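In what follows, a structure is listed as structure tokens, so that the remarks can point back to it.
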Amino acid sequence: MSRFESLLADLVNIESLTGDEENVALFLADTLRADGYTVELIPIAPSSRRLNIYAYVGSARSTKCLLTTHIDTVPPFIPFSGPDERGIVHGRGTCDAKGAAVAQILAVNELVESGAVQEGDVAMMYVVGEEVDGVGMKAASKMGLHWDSIVFGEPTEGKLALGHKGILLFELSASGVACHSGYPHLGKSANHILIPVLSDFLKMNLPVDDLLGPSTINIGTVHGGEAPNILAPSSTATISIRVSTAFDTLKASSLEILAQHPEVNFKLLAEYGPPRLHSDVPDFQTINVGFGTDIPFLTGHDAPETKKMLYGPGSIFVAHTSTEQVALADLVKCKDGYKKLVLYCLGR
């Protein structure tokens, strides 16, 4: 079994659903120490058992380049299996994003062993919480470090992402008064209060970006009511808007809709505009992606001279599915791709 296969199998077989990443963090820290790196386990908050991993060569904590991805996964846990006759392995996290972590680690190993990079050149960081709220990357922003170039690992089919969309994530709620549906004048339906605002959101004129394409909206969850013959006493919904351009305008339009429905309460759970990504690298193909990442949560790295790149093995079309997979050949390709990107970032 190759190091690619064995390390990925070990990582995938450690369940690490968002919020429960401690065991995989401890294993990965031990692995990186065994490979010769200085390793820091960094709690995302005092006394928290949710740990980011930061690894580097020697004693130079501050480096020019950073490779990073996340170690949490969406549910349900799916153990590692394969490879099949096509050289494809399956399991939760194989492409999103433990496969990227394996390719990054082996890339840096080869660069160090060959002498192509030295102390102070490159570090690796593996964070928690990307799949929910980006809490790991938010914690990384407080480390007091700055990198000139950062390569984020996500399933981009071995191509550099041109960019990705921002997000507006709303949680809506309404309260009513339950009563028999045969006598609606005795109560108030929370569903009837909530449905018109959802309809208004679906009628929004969503902006289109020449590079990232159309902004999109999804009413992801709707919950309300107790029975067909009872007016709903409560109702909730979540709305996710993937924003390709005109973030401030779209946010203002959303708030204007909500202001027109004062009986609906709302929380803005997440918001960020489309991050600026660097994709003009010789010999790399590019891709347009529609998913979000924790890139916007790494603050202090928005200057034009800071290169942020998004690159990794596997396809987003199988991430978060029961058939999540990655080809071992794609892991090898991306390992070589990460090596090239590190050297590009270092000007070598």
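Scheme for the structure tokens: letters A, B, ... for chains in order shown; per-chain residue numbers from 1; ligand numbers from 1 in order shown.
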
Just the residues within 12 Å of A:Ile241, please, counting only C-alpha atoms, with nothing from its chain fewer than 2 positions along; format it as a tab-separated table (two decimals) with N, CA and C atoms, in the first residue's frame.
```tsv
chain	number	residue	atom	x	y	z
A	165	LYS	N	-17.95	32.11	-5.01
A	165	LYS	CA	-19.00	33.05	-4.64
A	165	LYS	C	-18.98	33.36	-3.14
A	166	GLY	N	-19.53	34.51	-2.80
A	166	GLY	CA	-19.76	34.85	-1.42
A	166	GLY	C	-21.09	34.28	-0.95
A	167	ILE	N	-21.48	34.62	0.27
A	167	ILE	CA	-22.71	34.04	0.79
A	167	ILE	C	-23.45	35.02	1.70
A	168	LEU	N	-24.75	34.93	1.65
A	168	LEU	CA	-25.65	35.53	2.63
A	168	LEU	C	-26.54	34.41	3.14
A	169	LEU	N	-26.46	34.11	4.43
A	169	LEU	CA	-27.22	33.00	5.00
A	169	LEU	C	-28.14	33.54	6.09
A	170	PHE	N	-29.43	33.45	5.84
A	170	PHE	CA	-30.43	33.98	6.77
A	170	PHE	C	-31.20	32.84	7.43
A	171	GLU	N	-31.53	33.04	8.69
A	171	GLU	CA	-32.48	32.18	9.39
A	171	GLU	C	-33.70	33.02	9.74
A	201	PHE	N	-38.30	36.65	-1.66
A	201	PHE	CA	-36.90	36.32	-1.90
A	201	PHE	C	-36.74	35.60	-3.24
A	202	LEU	N	-37.66	34.70	-3.56
A	202	LEU	CA	-37.55	33.96	-4.82
A	202	LEU	C	-37.78	34.86	-6.03
A	204	MET	N	-36.43	37.84	-6.30
A	204	MET	CA	-35.32	38.79	-6.38
A	204	MET	C	-34.63	38.74	-7.74
A	205	ASN	N	-34.17	39.89	-8.18
A	205	ASN	CA	-33.36	39.97	-9.39
A	205	ASN	C	-31.91	39.78	-8.99
A	206	LEU	N	-31.38	38.59	-9.23
A	206	LEU	CA	-30.04	38.24	-8.75
A	206	LEU	C	-28.97	38.64	-9.75
A	207	PRO	N	-27.88	39.27	-9.30
A	207	PRO	CA	-26.85	39.75	-10.22
A	207	PRO	C	-26.00	38.63	-10.80
A	214	PRO	N	-23.96	33.47	-12.41
A	214	PRO	CA	-25.11	34.05	-11.72
A	214	PRO	C	-25.06	33.83	-10.20
A	215	SER	N	-25.55	34.80	-9.47
A	215	SER	CA	-25.85	34.57	-8.06
A	215	SER	C	-27.07	33.65	-7.99
A	216	THR	N	-27.14	32.84	-6.95
A	216	THR	CA	-28.24	31.87	-6.84
A	216	THR	C	-28.83	31.93	-5.43
A	217	ILE	N	-30.07	31.45	-5.32
A	217	ILE	CA	-30.74	31.43	-4.02
A	217	ILE	C	-31.31	30.05	-3.77
A	218	ASN	N	-31.28	29.64	-2.51
A	218	ASN	CA	-31.83	28.35	-2.12
A	218	ASN	C	-32.54	28.50	-0.78
A	219	ILE	N	-33.83	28.14	-0.76
A	219	ILE	CA	-34.53	28.02	0.51
A	219	ILE	C	-34.26	26.60	1.00
A	220	GLY	N	-33.30	26.49	1.90
A	220	GLY	CA	-32.76	25.18	2.24
A	220	GLY	C	-33.63	24.38	3.19
A	238	THR	N	-34.55	28.66	6.39
A	238	THR	CA	-33.22	29.18	6.12
A	238	THR	C	-33.09	29.48	4.64
A	239	ILE	N	-32.42	30.58	4.35
A	239	ILE	CA	-32.22	31.02	2.97
A	239	ILE	C	-30.73	31.25	2.75
A	243	VAL	N	-23.48	34.59	-3.70
A	243	VAL	CA	-23.34	35.92	-4.31
A	243	VAL	C	-22.10	35.95	-5.20
A	244	SER	N	-22.31	36.20	-6.49
A	244	SER	CA	-21.18	36.26	-7.41
A	244	SER	C	-20.65	37.68	-7.61
A	245	THR	N	-21.50	38.68	-7.35
A	245	THR	CA	-21.08	40.07	-7.51
A	245	THR	C	-22.10	40.97	-6.80
A	247	PHE	N	-22.23	42.37	-3.87
A	247	PHE	CA	-22.58	41.83	-2.55
A	247	PHE	C	-23.36	42.85	-1.72
A	250	LEU	N	-26.93	43.36	-2.97
A	250	LEU	CA	-27.78	42.22	-2.72
A	250	LEU	C	-28.13	42.09	-1.24
A	251	LYS	N	-27.18	42.41	-0.38
A	251	LYS	CA	-27.47	42.39	1.05
A	251	LYS	C	-28.52	43.45	1.40
A	253	SER	N	-30.80	44.69	-0.56
A	253	SER	CA	-32.10	44.26	-1.09
A	253	SER	C	-32.74	43.21	-0.19
A	254	SER	N	-31.92	42.32	0.36
A	254	SER	CA	-32.44	41.29	1.26
A	254	SER	C	-33.00	41.91	2.53
A	268	LEU	N	-28.85	36.94	10.58
A	268	LEU	CA	-27.89	36.78	9.48
A	268	LEU	C	-26.78	35.89	10.01
A	269	LEU	N	-26.82	34.61	9.65
A	269	LEU	CA	-25.90	33.62	10.22
A	269	LEU	C	-24.51	33.70	9.63
A	270	ALA	N	-24.40	34.06	8.37
A	270	ALA	CA	-23.08	34.13	7.72
A	270	ALA	C	-23.15	35.11	6.57
A	271	GLU	N	-22.06	35.83	6.38
A	271	GLU	CA	-21.98	36.75	5.24
A	271	GLU	C	-20.53	37.00	4.86
A	272	TYR	N	-20.26	36.91	3.59
A	272	TYR	CA	-18.97	37.35	3.05
A	272	TYR	C	-19.10	37.50	1.54
A	273	GLY	N	-18.35	38.43	1.01
A	273	GLY	CA	-18.35	38.65	-0.42
A	273	GLY	C	-17.43	37.66	-1.13
A	274	PRO	N	-17.48	37.62	-2.45
A	274	PRO	CA	-16.60	36.73	-3.20
A	274	PRO	C	-15.13	37.07	-2.95
A	290	GLY	N	-18.69	26.83	-7.71
A	290	GLY	CA	-19.87	27.45	-7.14
A	290	GLY	C	-20.00	27.27	-5.64
A	291	PHE	N	-19.04	26.56	-5.03
A	291	PHE	CA	-19.12	26.33	-3.59
A	291	PHE	C	-18.40	27.43	-2.82
A	292	GLY	N	-18.59	27.42	-1.51
A	292	GLY	CA	-17.91	28.37	-0.64
A	292	GLY	C	-16.81	27.68	0.15
```

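For A:Pro75, the list of residues within 10 Å, based on only C-alpha atoms and with local chain neighbours fewer than 6 positions off taken out, reads Glu15, Ser16, Leu17, Thr18, Arg92, His320, Thr321 and Ser322 of chain A.
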
Could you give me, as an NGL selection string, the residues within 9 Å of A:Leu211, counting only C-alpha atoms and dropping anything in the same chain fewer than 6 positions from it?
:A and (162-163 or 244 or 288)

Write out, as a tab-separated table (two decimals), in the first residue's frame, the residues just selected, with C-alpha atoms.
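Generated file (selection.tsv):
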```
chain	number	residue	atom	x	y	z
A	162	LEU	CA	-10.83	31.47	-10.74
A	163	GLY	CA	-12.72	32.50	-7.62
A	244	SER	CA	-21.18	36.26	-7.41
A	288	ASN	CA	-15.05	28.16	-12.00
```

Residue set, stretch 114-217 of chain A restricted to strand (DSSP E), as a compact mmCIF listing (two decimals) with all heavy atoms, in the first residue's frame:
```txt
# COMPACT_ATOMS: atom_id res chain seq x y z
N VAL A 122 7.92 27.37 3.96
CA VAL A 122 6.54 26.89 3.84
C VAL A 122 6.08 26.26 5.15
O VAL A 122 6.87 25.64 5.87
CB VAL A 122 6.42 25.87 2.67
CG1 VAL A 122 7.26 24.63 2.91
CG2 VAL A 122 4.95 25.50 2.41
N ALA A 123 4.81 26.44 5.45
CA ALA A 123 4.16 25.81 6.59
C ALA A 123 2.88 25.14 6.12
O ALA A 123 2.38 25.41 5.02
CB ALA A 123 3.87 26.83 7.68
N MET A 124 2.35 24.27 6.97
CA MET A 124 1.08 23.60 6.70
C MET A 124 0.13 23.87 7.87
O MET A 124 0.55 23.85 9.02
CB MET A 124 1.28 22.09 6.54
CG MET A 124 2.09 21.70 5.32
SD MET A 124 2.56 19.93 5.34
CE MET A 124 3.94 19.97 6.50
N MET A 125 -1.12 24.10 7.55
CA MET A 125 -2.12 24.33 8.59
C MET A 125 -3.40 23.58 8.26
O MET A 125 -3.90 23.65 7.13
CB MET A 125 -2.43 25.83 8.73
CG MET A 125 -3.42 26.15 9.84
SD MET A 125 -3.51 27.92 10.19
CE MET A 125 -4.24 28.54 8.65
N TYR A 126 -3.91 22.83 9.24
CA TYR A 126 -5.11 22.03 9.05
C TYR A 126 -6.13 22.43 10.11
O TYR A 126 -5.86 22.31 11.31
CB TYR A 126 -4.75 20.54 9.06
CG TYR A 126 -3.76 20.28 7.94
CD1 TYR A 126 -2.43 20.02 8.21
CD2 TYR A 126 -4.17 20.41 6.62
CE1 TYR A 126 -1.52 19.86 7.17
CE2 TYR A 126 -3.27 20.26 5.57
CZ TYR A 126 -1.96 19.98 5.86
OH TYR A 126 -1.06 19.85 4.82
N VAL A 127 -7.27 22.93 9.64
CA VAL A 127 -8.21 23.62 10.53
C VAL A 127 -9.50 22.83 10.68
O VAL A 127 -9.85 21.98 9.86
CB VAL A 127 -8.52 25.04 10.02
CG1 VAL A 127 -7.24 25.86 9.88
CG2 VAL A 127 -9.27 24.99 8.68
N SER A 149 1.83 34.06 0.46
CA SER A 149 1.05 33.23 -0.46
C SER A 149 0.40 32.11 0.33
O SER A 149 1.03 31.52 1.23
CB SER A 149 1.95 32.63 -1.55
OG SER A 149 2.63 33.63 -2.27
N ILE A 150 -0.84 31.81 -0.02
CA ILE A 150 -1.59 30.76 0.67
C ILE A 150 -2.30 29.91 -0.37
O ILE A 150 -3.01 30.44 -1.24
CB ILE A 150 -2.63 31.35 1.64
CG1 ILE A 150 -1.99 32.39 2.56
CG2 ILE A 150 -3.27 30.24 2.47
CD1 ILE A 150 -3.00 33.28 3.25
N VAL A 151 -2.13 28.60 -0.28
CA VAL A 151 -2.82 27.67 -1.16
C VAL A 151 -3.83 26.89 -0.32
O VAL A 151 -3.45 26.15 0.59
CB VAL A 151 -1.85 26.71 -1.86
CG1 VAL A 151 -2.62 25.82 -2.85
CG2 VAL A 151 -0.75 27.48 -2.58
N PHE A 152 -5.10 27.07 -0.61
CA PHE A 152 -6.18 26.40 0.11
C PHE A 152 -6.58 25.13 -0.65
O PHE A 152 -6.75 25.17 -1.87
CB PHE A 152 -7.39 27.32 0.23
CG PHE A 152 -7.14 28.58 1.00
CD1 PHE A 152 -6.58 29.70 0.38
CD2 PHE A 152 -7.47 28.68 2.35
CE1 PHE A 152 -6.35 30.87 1.09
CE2 PHE A 152 -7.25 29.85 3.06
CZ PHE A 152 -6.68 30.95 2.43
N LEU A 160 -6.80 25.32 -10.85
CA LEU A 160 -6.85 26.51 -10.00
C LEU A 160 -8.20 27.20 -10.16
O LEU A 160 -8.63 27.48 -11.29
CB LEU A 160 -5.73 27.48 -10.36
CG LEU A 160 -4.34 27.16 -9.79
CD1 LEU A 160 -3.30 28.07 -10.41
CD2 LEU A 160 -4.33 27.31 -8.27
N ALA A 161 -8.85 27.46 -9.05
CA ALA A 161 -10.15 28.12 -9.10
C ALA A 161 -9.98 29.59 -9.46
O ALA A 161 -9.10 30.28 -8.93
CB ALA A 161 -10.87 27.99 -7.77
N GLY A 166 -19.53 34.51 -2.80
CA GLY A 166 -19.76 34.85 -1.42
C GLY A 166 -21.09 34.28 -0.95
O GLY A 166 -21.76 33.54 -1.69
N ILE A 167 -21.48 34.62 0.27
CA ILE A 167 -22.71 34.04 0.79
C ILE A 167 -23.45 35.02 1.70
O ILE A 167 -22.83 35.84 2.39
CB ILE A 167 -22.43 32.73 1.55
CG1 ILE A 167 -23.71 31.92 1.76
CG2 ILE A 167 -21.75 33.01 2.90
CD1 ILE A 167 -23.48 30.49 2.16
N LEU A 168 -24.75 34.93 1.65
CA LEU A 168 -25.65 35.53 2.63
C LEU A 168 -26.54 34.41 3.14
O LEU A 168 -27.28 33.80 2.36
CB LEU A 168 -26.51 36.63 2.00
CG LEU A 168 -25.81 37.94 1.63
CD1 LEU A 168 -26.69 38.76 0.70
CD2 LEU A 168 -25.47 38.74 2.89
N LEU A 169 -26.46 34.11 4.43
CA LEU A 169 -27.22 33.00 5.00
C LEU A 169 -28.14 33.54 6.09
O LEU A 169 -27.67 34.05 7.12
CB LEU A 169 -26.27 31.95 5.59
CG LEU A 169 -26.92 30.74 6.26
CD1 LEU A 169 -27.81 29.98 5.29
CD2 LEU A 169 -25.85 29.81 6.84
N PHE A 170 -29.43 33.45 5.84
CA PHE A 170 -30.43 33.98 6.77
C PHE A 170 -31.20 32.84 7.43
O PHE A 170 -31.52 31.82 6.78
CB PHE A 170 -31.44 34.86 6.03
CG PHE A 170 -30.89 36.17 5.52
CD1 PHE A 170 -30.45 36.28 4.21
CD2 PHE A 170 -30.82 37.27 6.35
CE1 PHE A 170 -29.96 37.49 3.73
CE2 PHE A 170 -30.34 38.48 5.88
CZ PHE A 170 -29.89 38.59 4.57
N GLU A 171 -31.53 33.04 8.69
CA GLU A 171 -32.48 32.18 9.39
C GLU A 171 -33.70 33.02 9.74
O GLU A 171 -33.58 34.06 10.40
CB GLU A 171 -31.85 31.61 10.67
CG GLU A 171 -32.78 30.72 11.47
CD GLU A 171 -32.14 30.26 12.75
OE1 GLU A 171 -32.04 31.08 13.70
OE2 GLU A 171 -31.72 29.09 12.82
N LEU A 172 -34.87 32.59 9.29
CA LEU A 172 -36.11 33.33 9.50
C LEU A 172 -37.02 32.56 10.46
O LEU A 172 -37.00 31.33 10.49
CB LEU A 172 -36.86 33.53 8.18
CG LEU A 172 -36.07 34.08 6.99
CD1 LEU A 172 -37.01 34.31 5.81
CD2 LEU A 172 -35.32 35.34 7.35
N SER A 173 -37.81 33.30 11.21
CA SER A 173 -38.78 32.66 12.10
C SER A 173 -40.01 33.54 12.25
O SER A 173 -39.94 34.77 12.14
CB SER A 173 -38.16 32.38 13.47
OG SER A 173 -37.79 33.58 14.12
N ALA A 174 -41.13 32.90 12.49
CA ALA A 174 -42.38 33.61 12.72
C ALA A 174 -43.18 32.88 13.78
O ALA A 174 -43.08 31.66 13.93
CB ALA A 174 -43.20 33.70 11.43
N SER A 175 -43.96 33.63 14.54
CA SER A 175 -44.80 33.07 15.60
C SER A 175 -46.27 33.31 15.27
O SER A 175 -46.64 34.37 14.75
CB SER A 175 -44.46 33.71 16.95
OG SER A 175 -43.12 33.42 17.32
N VAL A 208 -25.43 38.91 -11.95
CA VAL A 208 -24.58 37.95 -12.67
C VAL A 208 -23.20 38.55 -12.85
O VAL A 208 -23.05 39.72 -13.21
CB VAL A 208 -25.20 37.60 -14.05
CG1 VAL A 208 -24.29 36.63 -14.80
CG2 VAL A 208 -26.59 37.01 -13.88
N ASP A 209 -22.17 37.75 -12.59
CA ASP A 209 -20.79 38.18 -12.78
C ASP A 209 -20.22 37.50 -14.02
O ASP A 209 -20.49 36.32 -14.28
CB ASP A 209 -19.96 37.81 -11.55
CG ASP A 209 -18.52 38.27 -11.66
OD1 ASP A 209 -18.29 39.50 -11.57
OD2 ASP A 209 -17.63 37.43 -11.86
N GLY A 213 -20.34 33.89 -12.83
CA GLY A 213 -21.67 33.48 -13.25
C GLY A 213 -22.77 34.08 -12.39
O GLY A 213 -22.57 35.07 -11.68
N PRO A 214 -23.96 33.47 -12.41
CA PRO A 214 -25.11 34.05 -11.72
C PRO A 214 -25.06 33.83 -10.20
O PRO A 214 -24.59 32.79 -9.73
CB PRO A 214 -26.30 33.30 -12.32
CG PRO A 214 -25.74 31.98 -12.73
CD PRO A 214 -24.33 32.26 -13.18
N THR A 216 -27.14 32.84 -6.95
CA THR A 216 -28.24 31.87 -6.84
C THR A 216 -28.83 31.93 -5.43
O THR A 216 -28.17 32.37 -4.48
CB THR A 216 -27.76 30.44 -7.13
OG1 THR A 216 -26.71 30.09 -6.21
CG2 THR A 216 -27.23 30.33 -8.55
N ILE A 217 -30.07 31.45 -5.32
CA ILE A 217 -30.74 31.43 -4.02
C ILE A 217 -31.31 30.05 -3.77
O ILE A 217 -31.75 29.36 -4.70
CB ILE A 217 -31.85 32.51 -3.96
CG1 ILE A 217 -32.42 32.62 -2.55
CG2 ILE A 217 -32.94 32.22 -4.97
CD1 ILE A 217 -33.31 33.84 -2.35
```

With a distance cut-off of 10 Å and only C-alpha atoms, select the neighbouring residues of stretch 107-113 of chain A, excluding the residue or stretch itself and same-chain residues fewer than 4 positions from it, and output the selection as a list of chain:residue names.
A:Leu32, A:Asp35, A:Gly36, A:Tyr37, A:Tyr56, A:Val57, A:Leu67, A:Ala101, A:Val102, A:Ala103, A:Val117, A:Gln118, A:Glu119, A:Asp121, A:Val122, A:Ala123, A:Met124, A:Val332, A:Cys334, A:Lys335, A:Asp336, A:Gly337, A:Tyr338, A:Lys339, A:Lys340, A:Val342, A:Leu343

Taking the backbone alone, and naming residues the way the document does, which bits of stretch 140-210 of chain A are helix (DSSP H, G or I) by DSSP, as a PyMOL selection string?
chain A and resi 140+184-186+190-202

Would you save the residues from that selection as an mmCIF file, in the first residue's frame, using C-alpha atoms?
```
data_model
loop_
_atom_site.group_PDB
_atom_site.id
_atom_site.type_symbol
_atom_site.label_atom_id
_atom_site.label_comp_id
_atom_site.auth_asym_id
_atom_site.auth_seq_id
_atom_site.Cartn_x
_atom_site.Cartn_y
_atom_site.Cartn_z
ATOM 1 C CA ALA A 140 -6.031 31.047 12.644
ATOM 2 C CA PRO A 184 -59.022 30.463 11.632
ATOM 3 C CA HIS A 185 -60.310 33.755 13.031
ATOM 4 C CA LEU A 186 -59.436 32.437 16.479
ATOM 5 C CA ALA A 190 -47.036 31.351 11.416
ATOM 6 C CA ASN A 191 -46.745 29.609 8.050
ATOM 7 C CA HIS A 192 -48.951 32.233 6.439
ATOM 8 C CA ILE A 193 -46.699 34.938 7.875
ATOM 9 C CA LEU A 194 -43.496 33.294 6.617
ATOM 10 C CA ILE A 195 -44.505 32.148 3.147
ATOM 11 C CA PRO A 196 -44.902 35.654 1.620
ATOM 12 C CA VAL A 197 -41.356 36.662 2.592
ATOM 13 C CA LEU A 198 -39.996 33.453 1.066
ATOM 14 C CA SER A 199 -41.923 34.268 -2.091
ATOM 15 C CA ASP A 200 -40.404 37.750 -2.193
ATOM 16 C CA PHE A 201 -36.897 36.316 -1.904
ATOM 17 C CA LEU A 202 -37.548 33.960 -4.822
#
```

Which residue out of A:Val12, A:Thr249, A:Ile230, A:Gly58 has the minimum interatomic distance to A:Phe77 when only C-alpha atoms are used?
A:Val12

State, in Å with one decimal place, the distance from atom CA of A:Leu26 to atom CA of A:Cys345.
29.2 Å

Considering only C-alpha atoms, return as a PyMOL selection string whatever protein or nucleic-acid residues lie within 9 Å of A:Ala327, sequence-local ones (same chain, fewer than 2 positions apart) excluded.
chain A and resi 83+86-90+313-314+325+329-332

Considering only C-alpha atoms, state which residue in the set A:Arg50, A:Gly82, A:Asp133, A:Pro296 is at the smallest distance from A:Met1.
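Smallest separation from A:Met1 among the options: A:Gly82.
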